[in-house]
Amino acid sequence: VIVILFGPPGSGKGTQSQALAEKHGFFKLSTGDLIRKEIAEKTPLGLEVQSIVEAGEFPDSALVNQIAEKAIVDNITKSGIVLDGYPRTMEQVNFLDKILSGLGKKIDVAICLGVDENELVRRIEGRRVCADCKTNYHVEFNPPANDGICDVCQGSNLVQRKDDTRDVLEQRLAIYNKETKPLLDYYDQKGVLTTISGMESPQEVAAMVEKILANVELDAKSTGINA
Ligand SMILES: [Zn+2]
């Protein structure tokens, strides 16, 4: 099964793709993670990306495609692949379609987590991180046992990251909406897009995702197409 997860920053998309990877043994394809791994392992691709990043630039789409292709080919025999943060452009969508069809596969389902802006602000502005040991907290959803004190290192430097503000969120949302809209339209036209509410708890959202996957597998069985 090949699944794409879409959702704005703070929608819980990363949590859901991690859950799918753990529960079903899917390979989680996040190009950000893959790039960091290539750099850490000093592969030829990693060294190339590193020089780009160190020059203050972003890896171009061709390079991101190359990284995604390698990961897909390497993991195609797994029970599934969940794509998180890739594809981001129509050019990447077309590239992905080509790789998958070459492997006799296709995108089985695209799931979009819808979360309204006020809820995203609430989630993001409540995040805290321990400046000493980097443990993450949330003032509302995951507070430390003692107010302002890190559970792990007992330090008292629980701070807000400077990116975790309404202003930064609004900028990211504008980019997300602009770049993602054509992709959602594309997968909608293909008949594989399902939009669900990401407003519920991670457990409730995970249950909805499971239901969608179960239907995809049923469909695949009834049409005889190998998903
Ligand atoms: Zn700490």
# chains A, B, ... in the order shown; residues from 1 in each chain; ligands from 1
>>> residues_around(residues="region 110-127 of chain A", least_positions_apart="5", cutoff="7 Å", atoms="only C-alpha atoms", output="list in words")
Val3, Ile4, Leu5, Phe6, Gly7, Gly10, Ser11, Tyr137, His138, Val139, Glu140, Gln160, Asp164, Thr165, Arg166, Tyr187, Val192, Leu193, Thr194, Thr195, Ile196, Ser197, Gly198 and Met199 of chain A
>>> residues_near_ligand(ligand="ligand 1", cutoff="7 Å", atoms="only C-alpha atoms and all ligand atoms", output="ChimeraX atom specification")
/A:130-135,150-155
>>> select_by_dssp(residues="region 117-192 of chain A", states="alpha helix (DSSP H)", output="PyMOL selection string")
chain A and resi 117-125+166-189
>>> atom_distance(atom1="CA of Ala214 (chain A)", atom2="CA of Ser79 (chain A)")
13.6 Å
>>> residues_around(residues="Lys23 (chain A)", least_positions_apart="5", cutoff="12 Å", atoms="only C-alpha atoms", output="JSON list (two decimals) with N, CA, C and O atoms, in the first residue's frame")
[["chain", "number", "residue", "atom", "x", "y", "z"],
["A", 16, "GLN", "N", 1.21, 10.69, 12.70],
["A", 16, "GLN", "CA", 0.41, 9.66, 12.03],
["A", 16, "GLN", "C", 1.26, 8.80, 11.11],
["A", 16, "GLN", "O", 1.05, 7.58, 11.04],
["A", 17, "SER", "N", 2.22, 9.40, 10.42],
["A", 17, "SER", "CA", 3.02, 8.57, 9.52],
["A", 17, "SER", "C", 3.94, 7.66, 10.34],
["A", 17, "SER", "O", 4.16, 6.51, 9.97],
["A", 18, "GLN", "N", 4.42, 8.17, 11.47],
["A", 18, "GLN", "CA", 5.21, 7.34, 12.38],
["A", 18, "GLN", "C", 4.38, 6.16, 12.89],
["A", 18, "GLN", "O", 4.86, 5.02, 12.95],
["A", 28, "LYS", "N", 8.62, 4.77, 6.21],
["A", 28, "LYS", "CA", 8.22, 6.18, 6.26],
["A", 28, "LYS", "C", 9.19, 7.00, 5.43],
["A", 28, "LYS", "O", 10.37, 7.09, 5.76],
["A", 79, "SER", "N", 5.73, -3.82, 3.39],
["A", 79, "SER", "CA", 4.27, -3.92, 3.34],
["A", 79, "SER", "C", 3.62, -2.63, 2.82],
["A", 79, "SER", "O", 2.50, -2.64, 2.33],
["A", 80, "GLY", "N", 4.34, -1.54, 2.93],
["A", 80, "GLY", "CA", 3.79, -0.28, 2.44],
["A", 80, "GLY", "C", 4.80, 0.84, 2.57],
["A", 80, "GLY", "O", 5.84, 0.66, 3.20],
["A", 82, "VAL", "N", 4.74, 5.07, 3.43],
["A", 82, "VAL", "CA", 3.96, 6.27, 3.75],
["A", 82, "VAL", "C", 4.84, 7.49, 3.46],
["A", 82, "VAL", "O", 5.97, 7.59, 3.94],
["A", 206, "ALA", "N", -5.75, 8.46, 14.23],
["A", 206, "ALA", "CA", -5.16, 7.18, 13.80],
["A", 206, "ALA", "C", -6.25, 6.16, 13.47],
["A", 206, "ALA", "O", -6.13, 5.40, 12.50],
["A", 207, "ALA", "N", -7.33, 6.15, 14.25],
["A", 207, "ALA", "CA", -8.42, 5.20, 14.00],
["A", 207, "ALA", "C", -9.09, 5.50, 12.65],
["A", 207, "ALA", "O", -9.44, 4.57, 11.91],
["A", 209, "VAL", "N", -7.61, 6.92, 10.07],
["A", 209, "VAL", "CA", -6.63, 6.53, 9.05],
["A", 209, "VAL", "C", -6.69, 5.00, 8.83],
["A", 209, "VAL", "O", -6.69, 4.53, 7.69],
["A", 210, "GLU", "N", -6.80, 4.26, 9.93],
["A", 210, "GLU", "CA", -6.88, 2.80, 9.83],
["A", 210, "GLU", "C", -8.10, 2.36, 9.02],
["A", 210, "GLU", "O", -8.04, 1.42, 8.24]]
>>> closest_atom_pairs(of="region 102-133 of chain A", to="region 70-74 of chain A", cutoff="12 Å", atoms="only C-alpha atoms", output="tab-separated table")
residue	atom	partner	partner_atom	distance
A:Gly102	CA	A:Val73	CA	10.1
A:Leu103	CA	A:Val73	CA	8.1
A:Gly104	CA	A:Val73	CA	11.5
A:Lys105	CA	A:Ile72	CA	10.7
A:Lys106	CA	A:Ile72	CA	11.8
>>> atom_distance(atom1="CA of Val49 (chain A)", atom2="CA of Leu63 (chain A)")
8.1 Å
>>> residues_around(residues="region 45-47 of chain A", least_positions_apart="5", cutoff="10 Å", atoms="only C-alpha atoms", output="PDB file with all heavy atoms, in the first residue's frame")
ATOM      1  N   LEU A  34      15.640  11.667   5.143  1.00  0.00           N
ATOM      2  CA  LEU A  34      16.549  10.943   4.252  1.00  0.00           C
ATOM      3  C   LEU A  34      17.783  11.786   3.924  1.00  0.00           C
ATOM      4  O   LEU A  34      18.896  11.271   3.871  1.00  0.00           O
ATOM      5  CB  LEU A  34      15.827  10.551   2.963  1.00  0.00           C
ATOM      6  CG  LEU A  34      14.773   9.450   3.125  1.00  0.00           C
ATOM      7  CD1 LEU A  34      13.949   9.316   1.847  1.00  0.00           C
ATOM      8  CD2 LEU A  34      15.430   8.116   3.455  1.00  0.00           C
ATOM      9  N   ILE A  35      17.553  13.087   3.730  1.00  0.00           N
ATOM     10  CA  ILE A  35      18.679  13.976   3.430  1.00  0.00           C
ATOM     11  C   ILE A  35      19.642  14.020   4.615  1.00  0.00           C
ATOM     12  O   ILE A  35      20.859  13.891   4.452  1.00  0.00           O
ATOM     13  CB  ILE A  35      18.168  15.391   3.055  1.00  0.00           C
ATOM     14  CG1 ILE A  35      17.555  15.353   1.644  1.00  0.00           C
ATOM     15  CG2 ILE A  35      19.294  16.423   3.134  1.00  0.00           C
ATOM     16  CD1 ILE A  35      16.825  16.624   1.230  1.00  0.00           C
ATOM     17  N   ARG A  36      19.072  14.133   5.832  1.00  0.00           N
ATOM     18  CA  ARG A  36      19.936  14.152   7.028  1.00  0.00           C
ATOM     19  C   ARG A  36      20.733  12.853   7.154  1.00  0.00           C
ATOM     20  O   ARG A  36      21.892  12.857   7.539  1.00  0.00           O
ATOM     21  CB  ARG A  36      19.096  14.397   8.283  1.00  0.00           C
ATOM     22  CG  ARG A  36      18.745  15.882   8.470  1.00  0.00           C
ATOM     23  CD  ARG A  36      18.024  16.142   9.784  1.00  0.00           C
ATOM     24  NE  ARG A  36      16.630  15.698   9.745  1.00  0.00           N
ATOM     25  CZ  ARG A  36      15.632  16.436   9.239  1.00  0.00           C
ATOM     26  NH1 ARG A  36      15.870  17.643   8.752  1.00  0.00           N
ATOM     27  NH2 ARG A  36      14.405  15.981   9.217  1.00  0.00           N
ATOM     28  N   LYS A  37      20.101  11.734   6.792  1.00  0.00           N
ATOM     29  CA  LYS A  37      20.762  10.441   6.888  1.00  0.00           C
ATOM     30  C   LYS A  37      21.905  10.327   5.864  1.00  0.00           C
ATOM     31  O   LYS A  37      22.998   9.872   6.193  1.00  0.00           O
ATOM     32  CB  LYS A  37      19.725   9.332   6.652  1.00  0.00           C
ATOM     33  CG  LYS A  37      20.220   7.929   6.880  1.00  0.00           C
ATOM     34  CD  LYS A  37      19.034   6.964   7.053  1.00  0.00           C
ATOM     35  CE  LYS A  37      19.475   5.518   6.951  1.00  0.00           C
ATOM     36  NZ  LYS A  37      19.506   5.007   5.551  1.00  0.00           N
ATOM     37  N   GLU A  38      21.641  10.766   4.634  1.00  0.00           N
ATOM     38  CA  GLU A  38      22.677  10.725   3.596  1.00  0.00           C
ATOM     39  C   GLU A  38      23.889  11.559   4.030  1.00  0.00           C
ATOM     40  O   GLU A  38      25.035  11.173   3.822  1.00  0.00           O
ATOM     41  CB  GLU A  38      22.138  11.281   2.262  1.00  0.00           C
ATOM     42  CG  GLU A  38      21.017  10.463   1.633  1.00  0.00           C
ATOM     43  CD  GLU A  38      21.507   9.249   0.839  1.00  0.00           C
ATOM     44  OE1 GLU A  38      22.690   9.206   0.465  1.00  0.00           O
ATOM     45  OE2 GLU A  38      20.690   8.331   0.601  1.00  0.00           O
ATOM     46  N   ILE A  39      23.604  12.735   4.629  1.00  0.00           N
ATOM     47  CA  ILE A  39      24.693  13.610   5.076  1.00  0.00           C
ATOM     48  C   ILE A  39      25.478  12.921   6.197  1.00  0.00           C
ATOM     49  O   ILE A  39      26.705  12.867   6.162  1.00  0.00           O
ATOM     50  CB  ILE A  39      24.150  14.986   5.537  1.00  0.00           C
ATOM     51  CG1 ILE A  39      23.614  15.769   4.329  1.00  0.00           C
ATOM     52  CG2 ILE A  39      25.239  15.785   6.258  1.00  0.00           C
ATOM     53  CD1 ILE A  39      22.955  17.103   4.659  1.00  0.00           C
ATOM     54  N   ALA A  40      24.758  12.342   7.165  1.00  0.00           N
ATOM     55  CA  ALA A  40      25.414  11.695   8.300  1.00  0.00           C
ATOM     56  C   ALA A  40      26.273  10.516   7.843  1.00  0.00           C
ATOM     57  O   ALA A  40      27.350  10.273   8.384  1.00  0.00           O
ATOM     58  CB  ALA A  40      24.373  11.223   9.317  1.00  0.00           C
ATOM     59  N   ILE A  52      25.679  21.933  -0.737  1.00  0.00           N
ATOM     60  CA  ILE A  52      24.601  22.857  -1.100  1.00  0.00           C
ATOM     61  C   ILE A  52      24.052  23.552   0.146  1.00  0.00           C
ATOM     62  O   ILE A  52      23.907  24.771   0.192  1.00  0.00           O
ATOM     63  CB  ILE A  52      23.466  22.107  -1.838  1.00  0.00           C
ATOM     64  CG1 ILE A  52      23.968  21.591  -3.187  1.00  0.00           C
ATOM     65  CG2 ILE A  52      22.246  23.008  -2.023  1.00  0.00           C
ATOM     66  CD1 ILE A  52      23.048  20.598  -3.866  1.00  0.00           C
ATOM     67  N   VAL A  53      23.782  22.734   1.179  1.00  0.00           N
ATOM     68  CA  VAL A  53      23.213  23.278   2.410  1.00  0.00           C
ATOM     69  C   VAL A  53      24.194  24.247   3.071  1.00  0.00           C
ATOM     70  O   VAL A  53      23.811  25.314   3.557  1.00  0.00           O
ATOM     71  CB  VAL A  53      22.819  22.136   3.377  1.00  0.00           C
ATOM     72  CG1 VAL A  53      22.378  22.681   4.727  1.00  0.00           C
ATOM     73  CG2 VAL A  53      21.709  21.281   2.761  1.00  0.00           C
ATOM     74  N   LEU A  63      17.380  16.786  -7.097  1.00  0.00           N
ATOM     75  CA  LEU A  63      18.114  16.060  -6.069  1.00  0.00           C
ATOM     76  C   LEU A  63      17.152  15.384  -5.082  1.00  0.00           C
ATOM     77  O   LEU A  63      17.350  14.237  -4.684  1.00  0.00           O
ATOM     78  CB  LEU A  63      19.028  17.048  -5.335  1.00  0.00           C
ATOM     79  CG  LEU A  63      20.279  16.486  -4.695  1.00  0.00           C
ATOM     80  CD1 LEU A  63      21.175  15.835  -5.736  1.00  0.00           C
ATOM     81  CD2 LEU A  63      21.030  17.595  -3.985  1.00  0.00           C
ATOM     82  N   GLN A  66      15.771  12.394  -6.680  1.00  0.00           N
ATOM     83  CA  GLN A  66      16.762  11.320  -6.723  1.00  0.00           C
ATOM     84  C   GLN A  66      16.783  10.569  -5.386  1.00  0.00           C
ATOM     85  O   GLN A  66      16.839   9.341  -5.351  1.00  0.00           O
ATOM     86  CB  GLN A  66      18.126  11.959  -6.997  1.00  0.00           C
ATOM     87  CG  GLN A  66      19.146  11.052  -7.637  1.00  0.00           C
ATOM     88  CD  GLN A  66      20.487  11.778  -7.753  1.00  0.00           C
ATOM     89  OE1 GLN A  66      20.552  13.000  -7.912  1.00  0.00           O
ATOM     90  NE2 GLN A  66      21.566  11.021  -7.652  1.00  0.00           N
ATOM     91  N   ILE A  67      16.736  11.330  -4.293  1.00  0.00           N
ATOM     92  CA  ILE A  67      16.735  10.739  -2.953  1.00  0.00           C
ATOM     93  C   ILE A  67      15.463   9.922  -2.723  1.00  0.00           C
ATOM     94  O   ILE A  67      15.499   8.811  -2.205  1.00  0.00           O
ATOM     95  CB  ILE A  67      16.913  11.857  -1.892  1.00  0.00           C
ATOM     96  CG1 ILE A  67      18.356  12.366  -1.943  1.00  0.00           C
ATOM     97  CG2 ILE A  67      16.547  11.361  -0.495  1.00  0.00           C
ATOM     98  CD1 ILE A  67      18.604  13.615  -1.142  1.00  0.00           C
TER      99      ILE A  67
END
>>> atom_distance(atom1="CA of Leu96 (chain A)", atom2="CA of Gln171 (chain A)")
27.2 Å
>>> select_by_dssp(residues="chain A", states="strand (DSSP E)", output="ChimeraX atom specification")
/A:2-6,27-29,81-84,109-114,127-130,136-138,158-159,193-197
>>> residues_around(residues="Leu183 (chain A)", least_positions_apart="5", cutoff="10 Å", atoms="only C-alpha atoms", output="mmCIF file with all heavy atoms, in the first residue's frame")
data_model
loop_
_atom_site.group_PDB
_atom_site.id
_atom_site.type_symbol
_atom_site.label_atom_id
_atom_site.label_comp_id
_atom_site.auth_asym_id
_atom_site.auth_seq_id
_atom_site.Cartn_x
_atom_site.Cartn_y
_atom_site.Cartn_z
ATOM 1 N N PHE A 6 -1.042 14.349 3.726
ATOM 2 C CA PHE A 6 -0.938 15.796 3.610
ATOM 3 C C PHE A 6 -1.507 16.435 4.873
ATOM 4 O O PHE A 6 -2.438 15.883 5.477
ATOM 5 C CB PHE A 6 -1.757 16.315 2.418
ATOM 6 C CG PHE A 6 -1.199 15.958 1.074
ATOM 7 C CD1 PHE A 6 -1.804 14.984 0.286
ATOM 8 C CD2 PHE A 6 -0.065 16.603 0.588
ATOM 9 C CE1 PHE A 6 -1.299 14.660 -0.968
ATOM 10 C CE2 PHE A 6 0.453 16.284 -0.660
ATOM 11 C CZ PHE A 6 -0.166 15.313 -1.445
ATOM 12 N N PRO A 87 5.427 14.089 -2.305
ATOM 13 C CA PRO A 87 5.864 15.198 -3.165
ATOM 14 C C PRO A 87 5.309 16.542 -2.698
ATOM 15 O O PRO A 87 4.306 16.586 -2.000
ATOM 16 C CB PRO A 87 5.255 14.815 -4.525
ATOM 17 C CG PRO A 87 4.015 14.052 -4.175
ATOM 18 C CD PRO A 87 4.350 13.301 -2.926
ATOM 19 N N ARG A 88 6.000 17.618 -3.082
ATOM 20 C CA ARG A 88 5.565 18.972 -2.742
ATOM 21 C C ARG A 88 5.170 19.797 -3.969
ATOM 22 O O ARG A 88 4.572 20.856 -3.821
ATOM 23 C CB ARG A 88 6.710 19.740 -2.063
ATOM 24 C CG ARG A 88 6.813 19.497 -0.586
ATOM 25 C CD ARG A 88 7.831 20.455 0.004
ATOM 26 N NE ARG A 88 8.381 19.919 1.239
ATOM 27 C CZ ARG A 88 7.776 20.019 2.413
ATOM 28 N NH1 ARG A 88 6.639 20.661 2.525
ATOM 29 N NH2 ARG A 88 8.328 19.499 3.491
ATOM 30 N N THR A 89 5.593 19.341 -5.148
ATOM 31 C CA THR A 89 5.287 20.105 -6.362
ATOM 32 C C THR A 89 4.691 19.154 -7.400
ATOM 33 O O THR A 89 4.864 17.932 -7.301
ATOM 34 C CB THR A 89 6.573 20.710 -6.966
ATOM 35 O OG1 THR A 89 7.426 19.629 -7.362
ATOM 36 C CG2 THR A 89 7.301 21.595 -5.974
ATOM 37 N N MET A 90 4.041 19.710 -8.424
ATOM 38 C CA MET A 90 3.477 18.867 -9.481
ATOM 39 C C MET A 90 4.592 18.145 -10.242
ATOM 40 O O MET A 90 4.414 17.023 -10.690
ATOM 41 C CB MET A 90 2.621 19.694 -10.452
ATOM 42 C CG MET A 90 1.206 19.938 -9.975
ATOM 43 S SD MET A 90 0.344 18.445 -9.353
ATOM 44 C CE MET A 90 0.177 17.483 -10.859
ATOM 45 N N GLN A 92 7.267 16.987 -8.904
ATOM 46 C CA GLN A 92 7.584 15.808 -8.081
ATOM 47 C C GLN A 92 6.472 14.760 -8.164
ATOM 48 O O GLN A 92 6.750 13.558 -8.161
ATOM 49 C CB GLN A 92 7.840 16.229 -6.622
ATOM 50 C CG GLN A 92 9.132 17.032 -6.481
ATOM 51 C CD GLN A 92 9.371 17.561 -5.069
ATOM 52 O OE1 GLN A 92 8.481 17.513 -4.215
ATOM 53 N NE2 GLN A 92 10.557 18.081 -4.835
ATOM 54 N N VAL A 93 5.233 15.209 -8.261
ATOM 55 C CA VAL A 93 4.109 14.281 -8.417
ATOM 56 C C VAL A 93 4.292 13.454 -9.689
ATOM 57 O O VAL A 93 4.144 12.226 -9.684
ATOM 58 C CB VAL A 93 2.761 15.051 -8.479
ATOM 59 C CG1 VAL A 93 1.638 14.155 -8.991
ATOM 60 C CG2 VAL A 93 2.413 15.619 -7.111
ATOM 61 N N ALA A 110 -4.394 9.060 -0.771
ATOM 62 C CA ALA A 110 -3.809 10.292 -0.244
ATOM 63 C C ALA A 110 -4.756 10.781 0.847
ATOM 64 O O ALA A 110 -5.958 10.885 0.619
ATOM 65 C CB ALA A 110 -3.673 11.331 -1.355
ATOM 66 N N LYS A 178 -0.558 27.254 -0.743
ATOM 67 C CA LYS A 178 -0.259 27.556 -2.135
ATOM 68 C C LYS A 178 0.335 26.335 -2.842
ATOM 69 O O LYS A 178 -0.072 25.985 -3.948
ATOM 70 C CB LYS A 178 0.709 28.742 -2.198
ATOM 71 C CG LYS A 178 0.939 29.268 -3.580
ATOM 72 C CD LYS A 178 1.647 30.619 -3.539
ATOM 73 C CE LYS A 178 2.121 30.974 -4.930
ATOM 74 N NZ LYS A 178 3.564 31.100 -5.057
ATOM 75 N N ASP A 188 -7.411 14.268 -5.934
ATOM 76 C CA ASP A 188 -8.865 14.227 -5.885
ATOM 77 C C ASP A 188 -9.427 13.759 -7.228
ATOM 78 O O ASP A 188 -10.290 12.878 -7.294
ATOM 79 C CB ASP A 188 -9.393 15.624 -5.526
ATOM 80 C CG ASP A 188 -10.867 15.596 -5.156
ATOM 81 O OD1 ASP A 188 -11.362 14.521 -4.761
ATOM 82 O OD2 ASP A 188 -11.522 16.646 -5.267
ATOM 83 N N GLN A 189 -8.887 14.320 -8.315
ATOM 84 C CA GLN A 189 -9.338 13.915 -9.650
ATOM 85 C C GLN A 189 -9.051 12.446 -9.934
ATOM 86 O O GLN A 189 -9.774 11.793 -10.660
ATOM 87 C CB GLN A 189 -8.676 14.787 -10.724
ATOM 88 C CG GLN A 189 -9.424 16.105 -10.936
ATOM 89 C CD GLN A 189 -8.571 17.156 -11.623
ATOM 90 O OE1 GLN A 189 -7.583 16.828 -12.286
ATOM 91 N NE2 GLN A 189 -8.951 18.415 -11.469
ATOM 92 N N LEU A 193 -8.134 10.732 -3.088
ATOM 93 C CA LEU A 193 -7.985 11.658 -1.949
ATOM 94 C C LEU A 193 -9.112 11.505 -0.940
ATOM 95 O O LEU A 193 -10.287 11.467 -1.307
ATOM 96 C CB LEU A 193 -7.959 13.111 -2.446
ATOM 97 C CG LEU A 193 -7.820 14.173 -1.341
ATOM 98 C CD1 LEU A 193 -6.422 14.137 -0.723
ATOM 99 C CD2 LEU A 193 -8.119 15.566 -1.878
#
>>> closest_residue(among="A:Ile2, A:Val205, A:Val109, A:Ala174", to="Thr15 (chain A)", atoms="only C-alpha atoms")
A:Val205
>>> decode(residues="region 177-198 of chain A", atoms="N, CA, C and O atoms", output="compact mmCIF listing (two decimals), in the first residue's frame")
# COMPACT_ATOMS: atom_id res chain seq x y z
N ASN A 177 -0.53 26.12 1.80
CA ASN A 177 -1.78 26.18 1.04
C ASN A 177 -1.52 26.37 -0.44
O ASN A 177 -2.16 25.74 -1.28
N LYS A 178 -0.56 27.25 -0.74
CA LYS A 178 -0.26 27.56 -2.13
C LYS A 178 0.33 26.33 -2.84
O LYS A 178 -0.07 25.98 -3.95
N GLU A 179 1.31 25.67 -2.20
CA GLU A 179 1.98 24.57 -2.89
C GLU A 179 1.15 23.28 -2.88
O GLU A 179 1.27 22.46 -3.78
N THR A 180 0.31 23.12 -1.88
CA THR A 180 -0.38 21.84 -1.75
C THR A 180 -1.69 21.75 -2.52
O THR A 180 -2.09 20.67 -2.97
N LYS A 181 -2.35 22.90 -2.70
CA LYS A 181 -3.65 22.93 -3.37
C LYS A 181 -3.67 22.16 -4.69
O LYS A 181 -4.52 21.29 -4.90
N PRO A 182 -2.73 22.45 -5.62
CA PRO A 182 -2.77 21.73 -6.91
C PRO A 182 -2.59 20.22 -6.74
O PRO A 182 -3.16 19.43 -7.50
N LEU A 183 -1.80 19.83 -5.72
CA LEU A 183 -1.57 18.39 -5.49
C LEU A 183 -2.84 17.72 -4.99
O LEU A 183 -3.20 16.63 -5.44
N LEU A 184 -3.54 18.41 -4.07
CA LEU A 184 -4.79 17.84 -3.56
C LEU A 184 -5.80 17.71 -4.70
O LEU A 184 -6.49 16.70 -4.81
N ASP A 185 -5.86 18.73 -5.56
CA ASP A 185 -6.78 18.68 -6.71
C ASP A 185 -6.44 17.48 -7.60
O ASP A 185 -7.34 16.78 -8.07
N TYR A 186 -5.16 17.29 -7.82
CA TYR A 186 -4.71 16.19 -8.69
C TYR A 186 -5.14 14.83 -8.12
O TYR A 186 -5.72 14.00 -8.84
N TYR A 187 -4.87 14.61 -6.83
CA TYR A 187 -5.21 13.31 -6.25
C TYR A 187 -6.73 13.15 -6.10
O TYR A 187 -7.25 12.03 -6.16
N ASP A 188 -7.41 14.27 -5.93
CA ASP A 188 -8.87 14.23 -5.88
C ASP A 188 -9.43 13.76 -7.23
O ASP A 188 -10.29 12.88 -7.29
N GLN A 189 -8.89 14.32 -8.32
CA GLN A 189 -9.34 13.92 -9.65
C GLN A 189 -9.05 12.45 -9.93
O GLN A 189 -9.77 11.79 -10.66
N LYS A 190 -7.95 11.96 -9.36
CA LYS A 190 -7.62 10.54 -9.52
C LYS A 190 -8.51 9.64 -8.68
O LYS A 190 -8.43 8.41 -8.78
N GLY A 191 -9.28 10.25 -7.79
CA GLY A 191 -10.20 9.48 -6.95
C GLY A 191 -9.55 8.80 -5.76
O GLY A 191 -10.10 7.86 -5.20
N VAL A 192 -8.37 9.27 -5.36
CA VAL A 192 -7.69 8.62 -4.23
C VAL A 192 -7.59 9.51 -2.99
O VAL A 192 -7.05 9.09 -1.97
N LEU A 193 -8.13 10.73 -3.09
CA LEU A 193 -7.98 11.66 -1.95
C LEU A 193 -9.11 11.50 -0.94
O LEU A 193 -10.29 11.47 -1.31
N THR A 194 -8.73 11.39 0.33
CA THR A 194 -9.71 11.44 1.41
C THR A 194 -9.27 12.52 2.39
O THR A 194 -8.11 12.52 2.82
N THR A 195 -10.16 13.44 2.71
CA THR A 195 -9.84 14.47 3.70
C THR A 195 -10.54 14.12 5.00
O THR A 195 -11.73 13.81 5.00
N ILE A 196 -9.78 14.11 6.09
CA ILE A 196 -10.38 13.83 7.39
C ILE A 196 -10.05 14.97 8.36
O ILE A 196 -9.14 15.75 8.10
N SER A 197 -10.76 15.00 9.46
CA SER A 197 -10.48 16.03 10.45
C SER A 197 -9.26 15.62 11.26
O SER A 197 -9.18 14.52 11.79
N GLY A 198 -8.31 16.54 11.34
CA GLY A 198 -7.14 16.32 12.18
C GLY A 198 -7.29 17.02 13.52
O GLY A 198 -6.33 17.20 14.26
